>>> print(open('run.cif').read())   # mmCIF, C-alpha atoms and all ligand atoms
data_upload
#
loop_
_atom_site.group_PDB
_atom_site.id
_atom_site.type_symbol
_atom_site.label_atom_id
_atom_site.label_comp_id
_atom_site.auth_asym_id
_atom_site.auth_seq_id
_atom_site.Cartn_x
_atom_site.Cartn_y
_atom_site.Cartn_z
ATOM 1 C CA LEU Y 27 114.652 87.668 107.360
ATOM 2 C CA PRO Y 28 114.826 83.831 107.390
ATOM 3 C CA HIS Y 29 111.556 83.607 109.380
ATOM 4 C CA PHE Y 30 108.997 86.203 110.542
ATOM 5 C CA VAL Y 31 107.630 85.036 113.871
ATOM 6 C CA SER Y 32 107.682 88.105 116.091
ATOM 7 C CA VAL Y 33 108.275 91.856 116.003
ATOM 8 C CA GLU Y 34 110.516 91.553 119.075
ATOM 9 C CA ASN Y 35 113.802 91.565 117.192
ATOM 10 C CA LEU Y 36 112.844 93.926 114.366
ATOM 11 C CA THR Y 37 114.951 97.074 114.280
ATOM 12 C CA VAL Y 38 113.365 100.470 113.673
ATOM 13 C CA ASP Y 39 115.061 100.561 110.251
ATOM 14 C CA GLN Y 40 113.681 97.143 109.293
ATOM 15 C CA THR Y 41 110.221 98.187 110.488
ATOM 16 C CA LEU Y 42 110.231 101.427 108.503
ATOM 17 C CA ALA Y 43 111.570 99.612 105.413
ATOM 18 C CA LEU Y 44 108.672 97.126 105.584
ATOM 19 C CA ILE Y 45 106.147 99.980 105.869
ATOM 20 C CA LYS Y 46 107.753 101.720 102.876
ATOM 21 C CA ARG Y 47 107.660 98.526 100.832
ATOM 22 C CA ALA Y 48 104.023 97.806 101.730
ATOM 23 C CA GLU Y 49 103.086 101.368 100.776
ATOM 24 C CA GLU Y 50 104.899 100.903 97.439
ATOM 25 C CA PHE Y 51 102.919 97.721 96.746
ATOM 26 C CA LYS Y 52 99.714 99.579 97.643
ATOM 27 C CA ALA Y 53 100.668 102.370 95.239
ATOM 28 C CA GLY Y 54 101.008 99.842 92.421
ATOM 29 C CA THR Y 55 104.690 98.852 92.381
ATOM 30 C CA PRO Y 56 104.752 95.415 90.737
ATOM 31 C CA ALA Y 57 105.936 92.401 92.682
ATOM 32 C CA PRO Y 58 109.461 91.223 91.862
ATOM 33 C CA GLU Y 59 109.608 88.572 89.169
ATOM 34 C CA LEU Y 60 110.376 85.135 90.530
ATOM 35 C CA ARG Y 61 112.913 83.097 88.573
ATOM 36 C CA GLU Y 62 111.982 79.795 90.248
ATOM 37 C CA PRO Y 63 108.681 78.525 91.693
ATOM 38 C CA VAL Y 64 108.080 79.033 95.410
ATOM 39 C CA TYR Y 65 105.576 76.859 97.277
ATOM 40 C CA VAL Y 66 103.777 78.045 100.390
ATOM 41 C CA THR Y 67 101.181 76.472 102.654
ATOM 42 C CA ASN Y 68 98.921 78.270 105.127
ATOM 43 C CA MET Y 69 98.337 76.112 108.201
ATOM 44 C CA PHE Y 70 95.652 77.662 110.382
ATOM 45 C CA PHE Y 71 94.795 75.655 113.495
ATOM 46 C CA GLU Y 72 92.695 78.503 114.902
ATOM 47 C CA ASN Y 73 89.864 80.243 113.063
ATOM 48 C CA SER Y 74 90.690 83.159 110.812
ATOM 49 C CA THR Y 75 89.081 85.193 108.059
ATOM 50 C CA ARG Y 76 91.355 88.223 107.536
ATOM 51 C CA THR Y 77 94.811 86.825 108.216
ATOM 52 C CA HIS Y 78 94.314 83.583 106.297
ATOM 53 C CA THR Y 79 92.677 85.173 103.266
ATOM 54 C CA SER Y 80 94.986 88.164 103.063
ATOM 55 C CA PHE Y 81 98.073 85.939 103.262
ATOM 56 C CA ALA Y 82 96.555 83.875 100.413
ATOM 57 C CA MET Y 83 95.926 87.086 98.440
ATOM 58 C CA ALA Y 84 99.439 88.397 99.133
ATOM 59 C CA GLU Y 85 100.940 85.062 98.040
ATOM 60 C CA LYS Y 86 98.961 85.166 94.804
ATOM 61 C CA LYS Y 87 100.052 88.745 94.093
ATOM 62 C CA LEU Y 88 103.704 87.738 94.664
ATOM 63 C CA GLY Y 89 103.389 84.811 92.253
ATOM 64 C CA LEU Y 90 103.832 82.134 94.932
ATOM 65 C CA THR Y 91 102.082 78.786 94.559
ATOM 66 C CA GLU Y 92 99.787 78.044 97.477
ATOM 67 C CA ILE Y 93 99.510 74.392 98.458
ATOM 68 C CA PRO Y 94 96.114 73.933 100.162
ATOM 69 C CA PHE Y 95 96.126 72.717 103.763
ATOM 70 C CA ASP Y 96 92.981 71.927 105.724
ATOM 71 C CA ALA Y 97 93.828 71.853 109.423
ATOM 72 C CA SER Y 98 90.592 70.092 110.384
ATOM 73 C CA HIS Y 99 91.380 67.131 108.086
ATOM 74 C CA SER Y 100 95.135 67.068 108.686
ATOM 75 C CA SER Y 101 97.081 64.406 110.572
ATOM 76 C CA ILE Y 102 97.488 66.889 113.450
ATOM 77 C CA LYS Y 103 94.031 65.493 114.349
ATOM 78 C CA LYS Y 104 95.691 62.039 114.645
ATOM 79 C CA GLY Y 105 98.276 63.426 117.038
ATOM 80 C CA GLU Y 106 101.072 64.349 114.629
ATOM 81 C CA THR Y 107 103.207 67.141 116.043
ATOM 82 C CA LEU Y 108 103.580 70.532 114.414
ATOM 83 C CA TYR Y 109 107.288 69.799 113.955
ATOM 84 C CA ASP Y 110 106.501 66.550 112.086
ATOM 85 C CA THR Y 111 103.865 68.377 110.037
ATOM 86 C CA CYS Y 112 106.503 70.911 108.976
ATOM 87 C CA LEU Y 113 109.018 68.109 108.353
ATOM 88 C CA THR Y 114 106.388 66.571 106.037
ATOM 89 C CA MET Y 115 105.749 69.839 104.192
ATOM 90 C CA ASP Y 116 109.484 70.355 103.833
ATOM 91 C CA ALA Y 117 109.937 66.816 102.446
ATOM 92 C CA LEU Y 118 107.128 67.466 99.945
ATOM 93 C CA GLY Y 119 108.947 70.531 98.673
ATOM 94 C CA VAL Y 120 107.032 73.344 100.406
ATOM 95 C CA ASP Y 121 109.332 76.348 100.904
ATOM 96 C CA LEU Y 122 107.339 78.531 103.301
ATOM 97 C CA THR Y 123 104.548 78.101 105.795
ATOM 98 C CA VAL Y 124 102.259 80.589 107.494
ATOM 99 C CA ILE Y 125 101.046 79.129 110.791
ATOM 100 C CA ARG Y 126 98.382 80.146 113.292
ATOM 101 C CA ALA Y 127 98.206 78.028 116.438
ATOM 102 C CA SER Y 128 96.815 78.373 119.930
ATOM 103 C CA GLU Y 129 100.077 77.566 121.739
ATOM 104 C CA ASN Y 130 102.184 80.600 122.641
ATOM 105 C CA GLU Y 131 105.571 80.518 120.893
ATOM 106 C CA TYR Y 132 104.742 77.280 119.009
ATOM 107 C CA TYR Y 133 107.357 78.446 116.500
ATOM 108 C CA GLN Y 134 110.272 77.920 118.915
ATOM 109 C CA ALA Y 135 110.130 74.185 118.139
ATOM 110 C CA LEU Y 136 110.450 74.944 114.415
ATOM 111 C CA ILE Y 137 113.164 77.576 114.226
ATOM 112 C CA ASN Y 138 115.584 76.741 117.051
ATOM 113 C CA PRO Y 139 119.160 75.938 115.957
ATOM 114 C CA GLN Y 140 118.629 72.176 116.287
ATOM 115 C CA ALA Y 141 115.379 72.242 114.261
ATOM 116 C CA ASP Y 142 117.031 74.521 111.734
ATOM 117 C CA GLU Y 143 119.576 71.772 110.976
ATOM 118 C CA HIS Y 144 116.728 69.510 109.803
ATOM 119 C CA LEU Y 145 113.988 71.842 108.578
ATOM 120 C CA SER Y 146 114.524 74.116 105.632
ATOM 121 C CA ILE Y 147 111.040 75.622 105.617
ATOM 122 C CA GLY Y 148 110.552 79.318 106.372
ATOM 123 C CA VAL Y 149 108.018 80.073 109.117
ATOM 124 C CA ILE Y 150 105.741 83.109 109.247
ATOM 125 C CA ASN Y 151 103.639 83.519 112.349
ATOM 126 C CA GLY Y 152 99.954 84.166 111.655
ATOM 127 C CA GLY Y 153 99.298 84.447 115.407
ATOM 128 C CA ASP Y 154 100.366 82.316 118.389
ATOM 129 C CA GLY Y 155 97.876 82.043 121.273
ATOM 130 C CA SER Y 156 98.088 85.213 123.340
ATOM 131 C CA GLY Y 157 101.724 85.699 122.282
ATOM 132 C CA GLN Y 158 102.350 87.668 119.099
ATOM 133 C CA HIS Y 159 100.503 88.669 115.933
ATOM 134 C CA PRO Y 160 103.289 90.217 113.858
ATOM 135 C CA SER Y 161 101.403 90.641 110.577
ATOM 136 C CA GLN Y 162 98.453 92.374 112.305
ATOM 137 C CA CYS Y 163 100.910 94.612 114.137
ATOM 138 C CA MET Y 164 102.756 95.525 110.942
ATOM 139 C CA LEU Y 165 99.538 96.367 109.073
ATOM 140 C CA ASP Y 166 98.408 98.410 112.066
ATOM 141 C CA ILE Y 167 101.535 100.538 112.107
ATOM 142 C CA MET Y 168 101.340 100.898 108.319
ATOM 143 C CA THR Y 169 97.806 102.275 108.779
ATOM 144 C CA ILE Y 170 99.001 104.684 111.490
ATOM 145 C CA HIS Y 171 101.879 105.776 109.240
ATOM 146 C CA GLU Y 172 99.489 106.424 106.344
ATOM 147 C CA HIS Y 173 97.373 108.689 108.537
ATOM 148 C CA PHE Y 174 100.041 110.587 110.460
ATOM 149 C CA GLY Y 175 103.305 110.104 108.550
ATOM 150 C CA HIS Y 176 105.281 109.592 111.769
ATOM 151 C CA PHE Y 177 105.202 107.828 115.153
ATOM 152 C CA THR Y 178 107.224 110.013 117.512
ATOM 153 C CA GLY Y 179 104.969 111.614 120.098
ATOM 154 C CA LEU Y 180 101.755 110.065 118.727
ATOM 155 C CA LYS Y 181 99.400 109.088 121.510
ATOM 156 C CA VAL Y 182 98.014 105.581 121.043
ATOM 157 C CA ALA Y 183 95.493 104.008 123.420
ATOM 158 C CA ILE Y 184 95.099 100.225 123.431
ATOM 159 C CA VAL Y 185 91.682 99.471 124.915
ATOM 160 C CA GLY Y 186 90.037 96.202 125.880
ATOM 161 C CA ASP Y 187 90.948 92.607 126.649
ATOM 162 C CA ILE Y 188 94.674 93.296 126.757
ATOM 163 C CA THR Y 189 95.933 90.300 128.752
ATOM 164 C CA ASN Y 190 94.565 87.851 126.199
ATOM 165 C CA SER Y 191 95.530 89.843 123.111
ATOM 166 C CA ARG Y 192 98.458 88.920 120.898
ATOM 167 C CA VAL Y 193 97.717 92.069 118.872
ATOM 168 C CA ALA Y 194 98.255 94.214 121.978
ATOM 169 C CA LYS Y 195 101.555 92.480 122.846
ATOM 170 C CA SER Y 196 103.036 93.039 119.403
ATOM 171 C CA ASN Y 197 101.723 96.592 119.106
ATOM 172 C CA MET Y 198 102.821 97.869 122.522
ATOM 173 C CA GLU Y 199 106.339 96.659 121.820
ATOM 174 C CA ILE Y 200 106.716 98.131 118.372
ATOM 175 C CA LEU Y 201 104.946 101.414 119.171
ATOM 176 C CA ASN Y 202 107.381 101.949 122.041
ATOM 177 C CA LYS Y 203 110.311 101.225 119.756
ATOM 178 C CA LEU Y 204 108.967 103.736 117.217
ATOM 179 C CA GLY Y 205 108.605 106.513 119.811
ATOM 180 C CA ALA Y 206 104.815 106.620 120.220
ATOM 181 C CA GLU Y 207 103.314 107.273 123.641
ATOM 182 C CA VAL Y 208 101.229 104.253 124.626
ATOM 183 C CA PHE Y 209 98.234 104.212 126.965
ATOM 184 C CA PHE Y 210 96.087 101.312 128.089
ATOM 185 C CA SER Y 211 92.464 101.147 129.131
ATOM 186 C CA GLY Y 212 89.641 98.665 129.600
ATOM 187 C CA PRO Y 213 88.670 96.298 132.389
ATOM 188 C CA GLU Y 214 91.393 96.129 135.035
ATOM 189 C CA TYR Y 215 90.803 92.364 135.352
ATOM 190 C CA TRP Y 216 92.008 92.007 131.718
ATOM 191 C CA TYR Y 217 95.046 94.199 132.252
ATOM 192 C CA ASP Y 218 98.395 93.036 133.593
ATOM 193 C CA HIS Y 219 100.495 95.726 135.283
ATOM 194 C CA ALA Y 220 103.565 94.054 133.758
ATOM 195 C CA PHE Y 221 102.555 96.141 130.695
ATOM 196 C CA ASP Y 222 103.198 99.367 132.665
ATOM 197 C CA GLN Y 223 106.741 99.299 131.216
ATOM 198 C CA TYR Y 224 105.171 100.096 127.806
ATOM 199 C CA GLY Y 225 102.548 102.681 128.757
ATOM 200 C CA THR Y 226 100.115 104.196 131.242
ATOM 201 C CA TYR Y 227 96.839 102.606 132.278
ATOM 202 C CA LEU Y 228 93.991 105.160 132.537
ATOM 203 C CA PRO Y 229 90.164 105.211 132.442
ATOM 204 C CA VAL Y 230 88.868 105.386 128.861
ATOM 205 C CA ASP Y 231 87.085 108.716 129.402
ATOM 206 C CA GLU Y 232 90.350 110.359 130.474
ATOM 207 C CA LEU Y 233 91.993 109.219 127.243
ATOM 208 C CA ILE Y 234 89.295 109.725 124.686
ATOM 209 C CA GLY Y 235 89.851 113.408 123.940
ATOM 210 C CA GLN Y 236 93.635 113.368 123.881
ATOM 211 C CA VAL Y 237 94.733 110.339 121.877
ATOM 212 C CA ASP Y 238 95.509 110.181 118.149
ATOM 213 C CA VAL Y 239 94.789 106.474 117.801
ATOM 214 C CA LEU Y 240 92.171 104.499 119.665
ATOM 215 C CA MET Y 241 93.045 100.848 119.146
ATOM 216 C CA LEU Y 242 90.155 98.695 120.296
ATOM 217 C CA LEU Y 243 90.593 95.003 121.068
ATOM 218 C CA ARG Y 244 88.072 92.229 120.726
ATOM 219 C CA VAL Y 245 86.778 90.629 123.922
ATOM 220 C CA GLN Y 246 88.261 87.158 123.397
ATOM 221 C CA HIS Y 247 85.723 84.829 124.948
ATOM 222 C CA GLU Y 248 87.544 81.791 123.539
ATOM 223 C CA ARG Y 249 90.533 82.548 125.799
ATOM 224 C CA HIS Y 250 88.503 82.988 128.991
ATOM 225 C CA ALA Y 251 88.144 79.347 130.065
ATOM 226 C CA GLY Y 252 88.347 79.324 133.855
ATOM 227 C CA ASP Y 253 88.142 83.144 134.055
ATOM 228 C CA ALA Y 254 85.489 84.152 136.611
ATOM 229 C CA ASN Y 255 84.947 87.440 134.736
ATOM 230 C CA GLU Y 256 83.658 85.490 131.739
ATOM 231 C CA ALA Y 257 80.741 84.072 133.709
ATOM 232 C CA SER Y 258 79.662 87.545 134.825
ATOM 233 C CA PHE Y 259 80.354 89.234 131.457
ATOM 234 C CA ASN Y 260 77.577 91.559 130.354
ATOM 235 C CA ALA Y 261 77.831 92.945 126.827
ATOM 236 C CA ALA Y 262 75.720 96.068 127.444
ATOM 237 C CA GLN Y 263 77.654 96.884 130.595
ATOM 238 C CA TYR Y 264 80.994 96.446 128.822
ATOM 239 C CA HIS Y 265 79.852 98.729 126.012
ATOM 240 C CA GLN Y 266 78.694 101.365 128.476
ATOM 241 C CA GLN Y 267 81.916 101.239 130.534
ATOM 242 C CA PHE Y 268 84.599 100.720 127.886
ATOM 243 C CA GLY Y 269 83.048 100.702 124.413
ATOM 244 C CA ILE Y 270 83.043 103.487 121.838
ATOM 245 C CA ASN Y 271 79.542 104.867 121.565
ATOM 246 C CA GLN Y 272 78.350 108.064 119.838
ATOM 247 C CA ALA Y 273 79.168 110.269 122.843
ATOM 248 C CA ARG Y 274 82.747 108.996 123.058
ATOM 249 C CA TYR Y 275 83.112 109.194 119.271
ATOM 250 C CA GLN Y 276 82.087 112.867 119.379
ATOM 251 C CA ALA Y 277 84.641 113.485 122.167
ATOM 252 C CA MET Y 278 87.561 112.220 120.031
ATOM 253 C CA LYS Y 279 90.006 114.620 118.376
ATOM 254 C CA LYS Y 280 88.807 115.242 114.810
ATOM 255 C CA SER Y 281 92.162 113.980 113.485
ATOM 256 C CA ALA Y 282 92.061 110.808 115.616
ATOM 257 C CA ILE Y 283 91.321 107.347 114.234
ATOM 258 C CA ILE Y 284 89.675 104.228 115.612
ATOM 259 C CA MET Y 285 91.364 100.925 114.853
ATOM 260 C CA HIS Y 286 90.236 97.364 115.489
ATOM 261 C CA PRO Y 287 92.044 94.190 114.346
ATOM 262 C CA GLY Y 288 88.737 92.408 113.761
ATOM 263 C CA PRO Y 289 86.627 90.474 114.049
ATOM 264 C CA ILE Y 290 84.548 93.134 115.831
ATOM 265 C CA ASN Y 291 81.972 92.307 118.447
ATOM 266 C CA ARG Y 292 79.535 94.953 117.152
ATOM 267 C CA GLY Y 293 77.855 96.861 119.944
ATOM 268 C CA ILE Y 294 80.440 95.748 122.501
ATOM 269 C CA GLU Y 295 83.865 97.264 121.694
ATOM 270 C CA LEU Y 296 82.356 99.610 119.116
ATOM 271 C CA ALA Y 297 78.790 100.748 118.382
ATOM 272 C CA SER Y 298 77.649 98.967 115.245
ATOM 273 C CA GLU Y 299 76.906 102.221 113.386
ATOM 274 C CA LEU Y 300 80.515 103.407 113.987
ATOM 275 C CA VAL Y 301 82.264 100.431 112.362
ATOM 276 C CA GLU Y 302 82.459 102.311 109.030
ATOM 277 C CA ALA Y 303 82.331 105.847 110.472
ATOM 278 C CA PRO Y 304 84.619 108.501 108.888
ATOM 279 C CA GLN Y 305 87.138 108.219 111.730
ATOM 280 C CA SER Y 306 87.174 104.409 111.677
ATOM 281 C CA ALA Y 307 90.183 102.828 109.932
ATOM 282 C CA PHE Y 308 88.795 99.284 110.236
ATOM 283 C CA VAL Y 309 88.293 98.624 106.508
ATOM 284 C CA GLU Y 310 91.567 100.323 105.591
ATOM 285 C CA GLN Y 311 93.418 98.078 108.063
ATOM 286 C CA MET Y 312 92.092 94.997 106.270
ATOM 287 C CA THR Y 313 93.072 96.379 102.854
ATOM 288 C CA ASN Y 314 96.542 97.256 104.143
ATOM 289 C CA GLY Y 315 96.903 93.704 105.429
ATOM 290 C CA VAL Y 316 97.365 92.366 101.898
ATOM 291 C CA PHE Y 317 100.139 94.837 101.031
ATOM 292 C CA MET Y 318 101.951 94.488 104.348
ATOM 293 C CA ARG Y 319 101.826 90.702 104.089
ATOM 294 C CA MET Y 320 103.320 90.995 100.591
ATOM 295 C CA ALA Y 321 106.183 93.019 102.098
ATOM 296 C CA MET Y 322 106.676 90.502 104.913
ATOM 297 C CA LEU Y 323 106.623 87.510 102.561
ATOM 298 C CA GLU Y 324 109.038 89.247 100.215
ATOM 299 C CA ALA Y 325 111.428 89.903 103.122
ATOM 300 C CA VAL Y 326 111.407 86.179 103.964
ATOM 301 C CA LEU Y 327 111.797 85.198 100.288
ATOM 302 C CA ARG Y 328 114.882 87.429 100.095
ATOM 303 C CA GLY Y 329 116.134 86.207 103.477
ATOM 304 C CA ARG Y 330 115.995 82.626 102.223
ATOM 305 C CA LYS Y 331 117.022 83.450 98.642
ATOM 306 C CA LEU Y 332 113.845 81.839 97.325
ATOM 307 C CA GLY Y 333 112.486 82.389 93.825
ATOM 308 C CA GLY Y 334 115.897 83.635 92.725
ATOM 309 C CA LEU Y 335 115.536 86.780 94.887
ATOM 310 C CA ALA Y 336 118.525 88.043 96.828
HETATM 311 N N1 LIG A 1 92.741 90.206 113.015
HETATM 312 C C1 LIG A 1 92.689 88.888 112.769
HETATM 313 O O1 LIG A 1 93.639 88.162 113.065
HETATM 314 O O2 LIG A 1 91.550 88.463 112.185
HETATM 315 P P1 LIG A 1 91.254 86.947 111.773
HETATM 316 O O3 LIG A 1 91.183 86.165 113.057
HETATM 317 O O4 LIG A 1 89.965 86.975 111.015
HETATM 318 O O5 LIG A 1 92.416 86.484 110.934
#
>>> encode(input="run.cif", output="structure tokens")
Amino acid sequence: LPHFVSVENLTVDQTLALIKRAEEFKAGTPAPELREPVYVTNMFFENSTRTHTSFAMAEKKLGLTEIPFDASHSSIKKGETLYDTCLTMDALGVDLTVIRASENEYYQALINPQADEHLSIGVINGGDGSGQHPSQCMLDIMTIHEHFGHFTGLKVAIVGDITNSRVAKSNMEILNKLGAEVFFSGPEYWYDHAFDQYGTYLPVDELIGQVDVLMLLRVQHERHAGDANEASFNAAQYHQQFGINQARYQAMKKSAIIMHPGPINRGIELASELVEAPQSAFVEQMTNGVFMRMAMLEAVLRGRKLGGLA
């Protein structure tokens, strides 16, 4: 892959190959030896703990050289465009960049055919606004694969602030492609019936006892500017109506898992005491993130023939 900006165009075979590779890395398969140095910079214009740090960890494990980039002190603050920032990195000799930005599809300006004639930097999307979050999606399906060994017929419920979630967009697409049965739940005001093409919207209590995966989404207050539902938001009420409390946890299938991309609003999407419960895969998801990001970076290294890899 020359870039990794979305899961939209990934084939089932490519998806399964990435899961296999990430699972190999997790099992201890050493990273391929690089014959030439590869430089990478992580440009995060939105806050991040997991994605930023696990990309840095994955880069280290692959033997890449990370060039530090501090978004808050960068010339983006002086009005420089993202394209010109990438042009700069490219001119300095940076081979790859991982970018998180608040604008949906920011990457189109960097990877279109015209830009491609001038920029020779590989782009990996660390999350674009409410668009896509491919690395979170890939680590999520790796985690599901580890638990169930397959996707066909698995029932997966995506619950919460779906309209504003890039995690939901990537996951609903790929889960459909892989043959899982997708359901949606949560507040109807944060659900768009355009998603009906990917799954069925149902009340959470109708889903709880029948699904294999309960994928909870963070309430994304930072994306609710101008949303009347933000002003009337009540955390306790949300938890009571849509959150996973002890009673709902007890109603789950014993083989089912809870997932959450993090960060968790404890006591809202999930009762605080359930974050590390036996059926919660939250910590495992974060661990898997390093290995899946290694697999994704390696795919781009090979796609661009960097480090002497073909
Ligand atoms: N899941 C996720 O993207 O977390 P961060 O915002 O901490 O990277």
>>> closest_atom_pairs(input="run.cif", of="chain Y", to="ligand LIG 1 (chain A)", cutoff="12 Å", atoms="only C-alpha atoms and all ligand atoms", output="Markdown table")
| residue | atom | partner | partner_atom | distance |
| --- | --- | --- | --- | --- |
| Y:Asn68 | CA | A:LIG1 | O5 | 12.0 |
| Y:Phe70 | CA | A:LIG1 | O5 | 9.4 |
| Y:Phe71 | CA | A:LIG1 | O3 | 11.1 |
| Y:Glu72 | CA | A:LIG1 | O3 | 8.0 |
| Y:Asn73 | CA | A:LIG1 | O3 | 6.1 |
| Y:Ser74 | CA | A:LIG1 | O5 | 3.7 |
| Y:Thr75 | CA | A:LIG1 | O4 | 3.6 |
| Y:Arg76 | CA | A:LIG1 | O4 | 3.9 |
| Y:Thr77 | CA | A:LIG1 | O5 | 3.6 |
| Y:His78 | CA | A:LIG1 | O5 | 5.8 |
| Y:Thr79 | CA | A:LIG1 | O5 | 7.8 |
| Y:Ser80 | CA | A:LIG1 | O5 | 8.4 |
| Y:Phe81 | CA | A:LIG1 | O5 | 9.5 |
| Y:Ala82 | CA | A:LIG1 | O5 | 11.6 |
| Y:Val124 | CA | A:LIG1 | O5 | 12.0 |
| Y:Ile125 | CA | A:LIG1 | O5 | 11.3 |
| Y:Arg126 | CA | A:LIG1 | O5 | 9.0 |
| Y:Ala127 | CA | A:LIG1 | O3 | 11.3 |
| Y:Ser128 | CA | A:LIG1 | O3 | 11.8 |
| Y:Asn151 | CA | A:LIG1 | O1 | 11.0 |
| Y:Gly152 | CA | A:LIG1 | O1 | 7.6 |
| Y:Gly153 | CA | A:LIG1 | O1 | 7.2 |
| Y:Asp154 | CA | A:LIG1 | O1 | 10.4 |
| Y:Gly155 | CA | A:LIG1 | O1 | 11.1 |
| Y:Ser156 | CA | A:LIG1 | O1 | 11.6 |
| Y:Gln158 | CA | A:LIG1 | O1 | 10.6 |
| Y:His159 | CA | A:LIG1 | O1 | 7.5 |
| Y:Pro160 | CA | A:LIG1 | O1 | 9.9 |
| Y:Ser161 | CA | A:LIG1 | O1 | 8.5 |
| Y:Gln162 | CA | A:LIG1 | N1 | 6.2 |
| Y:Cys163 | CA | A:LIG1 | N1 | 9.3 |
| Y:Met164 | CA | A:LIG1 | N1 | 11.5 |
| Y:Leu165 | CA | A:LIG1 | N1 | 10.0 |
| Y:Asp166 | CA | A:LIG1 | N1 | 10.0 |
| Y:Ser191 | CA | A:LIG1 | O1 | 10.4 |
| Y:Arg192 | CA | A:LIG1 | O1 | 9.2 |
| Y:Val193 | CA | A:LIG1 | N1 | 7.9 |
| Y:Ala194 | CA | A:LIG1 | N1 | 11.3 |
| Y:Leu242 | CA | A:LIG1 | N1 | 11.5 |
| Y:Leu243 | CA | A:LIG1 | N1 | 9.6 |
| Y:Arg244 | CA | A:LIG1 | N1 | 9.2 |
| Y:Gln246 | CA | A:LIG1 | O3 | 10.8 |
| Y:Glu248 | CA | A:LIG1 | O3 | 11.9 |
| Y:Met285 | CA | A:LIG1 | N1 | 11.0 |
| Y:His286 | CA | A:LIG1 | N1 | 8.0 |
| Y:Pro287 | CA | A:LIG1 | N1 | 4.3 |
| Y:Gly288 | CA | A:LIG1 | N1 | 4.6 |
| Y:Pro289 | CA | A:LIG1 | O2 | 5.6 |
| Y:Ile290 | CA | A:LIG1 | N1 | 9.1 |
| Y:Phe308 | CA | A:LIG1 | N1 | 10.3 |
| Y:Val309 | CA | A:LIG1 | N1 | 11.5 |
| Y:Gln311 | CA | A:LIG1 | N1 | 9.3 |
| Y:Met312 | CA | A:LIG1 | N1 | 8.3 |
| Y:Thr313 | CA | A:LIG1 | N1 | 11.9 |
| Y:Asn314 | CA | A:LIG1 | N1 | 12.0 |
| Y:Gly315 | CA | A:LIG1 | N1 | 9.3 |
| Y:Val316 | CA | A:LIG1 | O5 | 11.9 |
>>> closest_residue(input="run.cif", among="Y:Gln134, Y:Asp110, Y:Thr169, Y:Asn291", to="Lys52 of chain Y", atoms="all atoms listed in the file")
Y:Thr169
>>> resolve_selection(input="run.cif", expression="the PyMOL selection byres (((chain Y and resi 146) around 12) and not hetatm)", output="PyMOL selection string")
chain Y and resi 28-29+109+112-123+136-145+147-149+330-332
>>> resolve_selection(input="run.cif", expression="the PyMOL selection byres (((chain Y and resi 232) around 12) and not hetatm)", output="NGL selection string")
:Y and (183 or 209-212 or 226-231 or 233-237 or 268 or 274 or 277-278)
>>> resolve_selection(input="run.cif", expression="the PyMOL selection byres (((chain Y and resi 51) around 12) and not hetatm)", output="list in words")
Leu44, Ile45, Lys46, Arg47, Ala48, Glu49, Glu50, Lys52, Ala53, Gly54, Thr55, Pro56, Ala57, Pro58, Ala84, Lys87, Leu88, Thr313, Asn314, Gly315, Val316, Phe317, Met318, Arg319, Met320, Ala321, Met322 and Glu324 of chain Y
>>> atom_distance(input="run.cif", atom1="atom CA of Lys279 of chain Y", atom2="atom CA of Gly205 of chain Y")
20.3 Å
>>> closest_residue(input="run.cif", among="Y:Gln305, Y:Val38, Y:Lys203, Y:Val31", to="Ala135 of chain Y", atoms="all atoms listed in the file")
Y:Val31
>>> atom_distance(input="run.cif", atom1="atom CA of Asn190 of chain Y", atom2="atom CA of Phe177 of chain Y")
25.2 Å
>>> atom_distance(input="run.cif", atom1="atom CA of His219 of chain Y", atom2="atom CA of Gln40 of chain Y")
29.2 Å
>>> closest_residue(input="run.cif", among="Y:Phe174, Y:Tyr215, Y:Tyr65, Y:Tyr275", to="Asp253 of chain Y", atoms="all atoms listed in the file")
Y:Tyr215
>>> closest_residue(input="run.cif", among="Y:Gln223, Y:Ser258, Y:Ser306, Y:Asn35", to="Ala282 of chain Y", atoms="all atoms listed in the file")
Y:Ser306
>>> decode(input="run.cif", residues="segment 141-153 of chain Y", atoms="C-alpha atoms", output="PDB file, in the first residue's frame")
ATOM      1  CA  ALA Y 141      -0.093  16.095  -5.204  1.00  0.00           C
ATOM      2  CA  ASP Y 142       1.505  12.718  -5.800  1.00  0.00           C
ATOM      3  CA  GLU Y 143       3.588  14.243  -8.617  1.00  0.00           C
ATOM      4  CA  HIS Y 144       5.209  16.607  -6.089  1.00  0.00           C
ATOM      5  CA  LEU Y 145       5.072  14.803  -2.746  1.00  0.00           C
ATOM      6  CA  SER Y 146       6.919  11.576  -2.186  1.00  0.00           C
ATOM      7  CA  ILE Y 147       5.919  11.139   1.450  1.00  0.00           C
ATOM      8  CA  GLY Y 148       3.711   8.220   2.485  1.00  0.00           C
ATOM      9  CA  VAL Y 149       0.608   9.186   4.477  1.00  0.00           C
ATOM     10  CA  ILE Y 150      -0.986   7.109   7.229  1.00  0.00           C
ATOM     11  CA  ASN Y 151      -4.226   8.396   8.663  1.00  0.00           C
ATOM     12  CA  GLY Y 152      -4.293   8.541  12.465  1.00  0.00           C
ATOM     13  CA  GLY Y 153      -7.899   9.794  12.353  1.00  0.00           C
TER      14      GLY Y 153
END
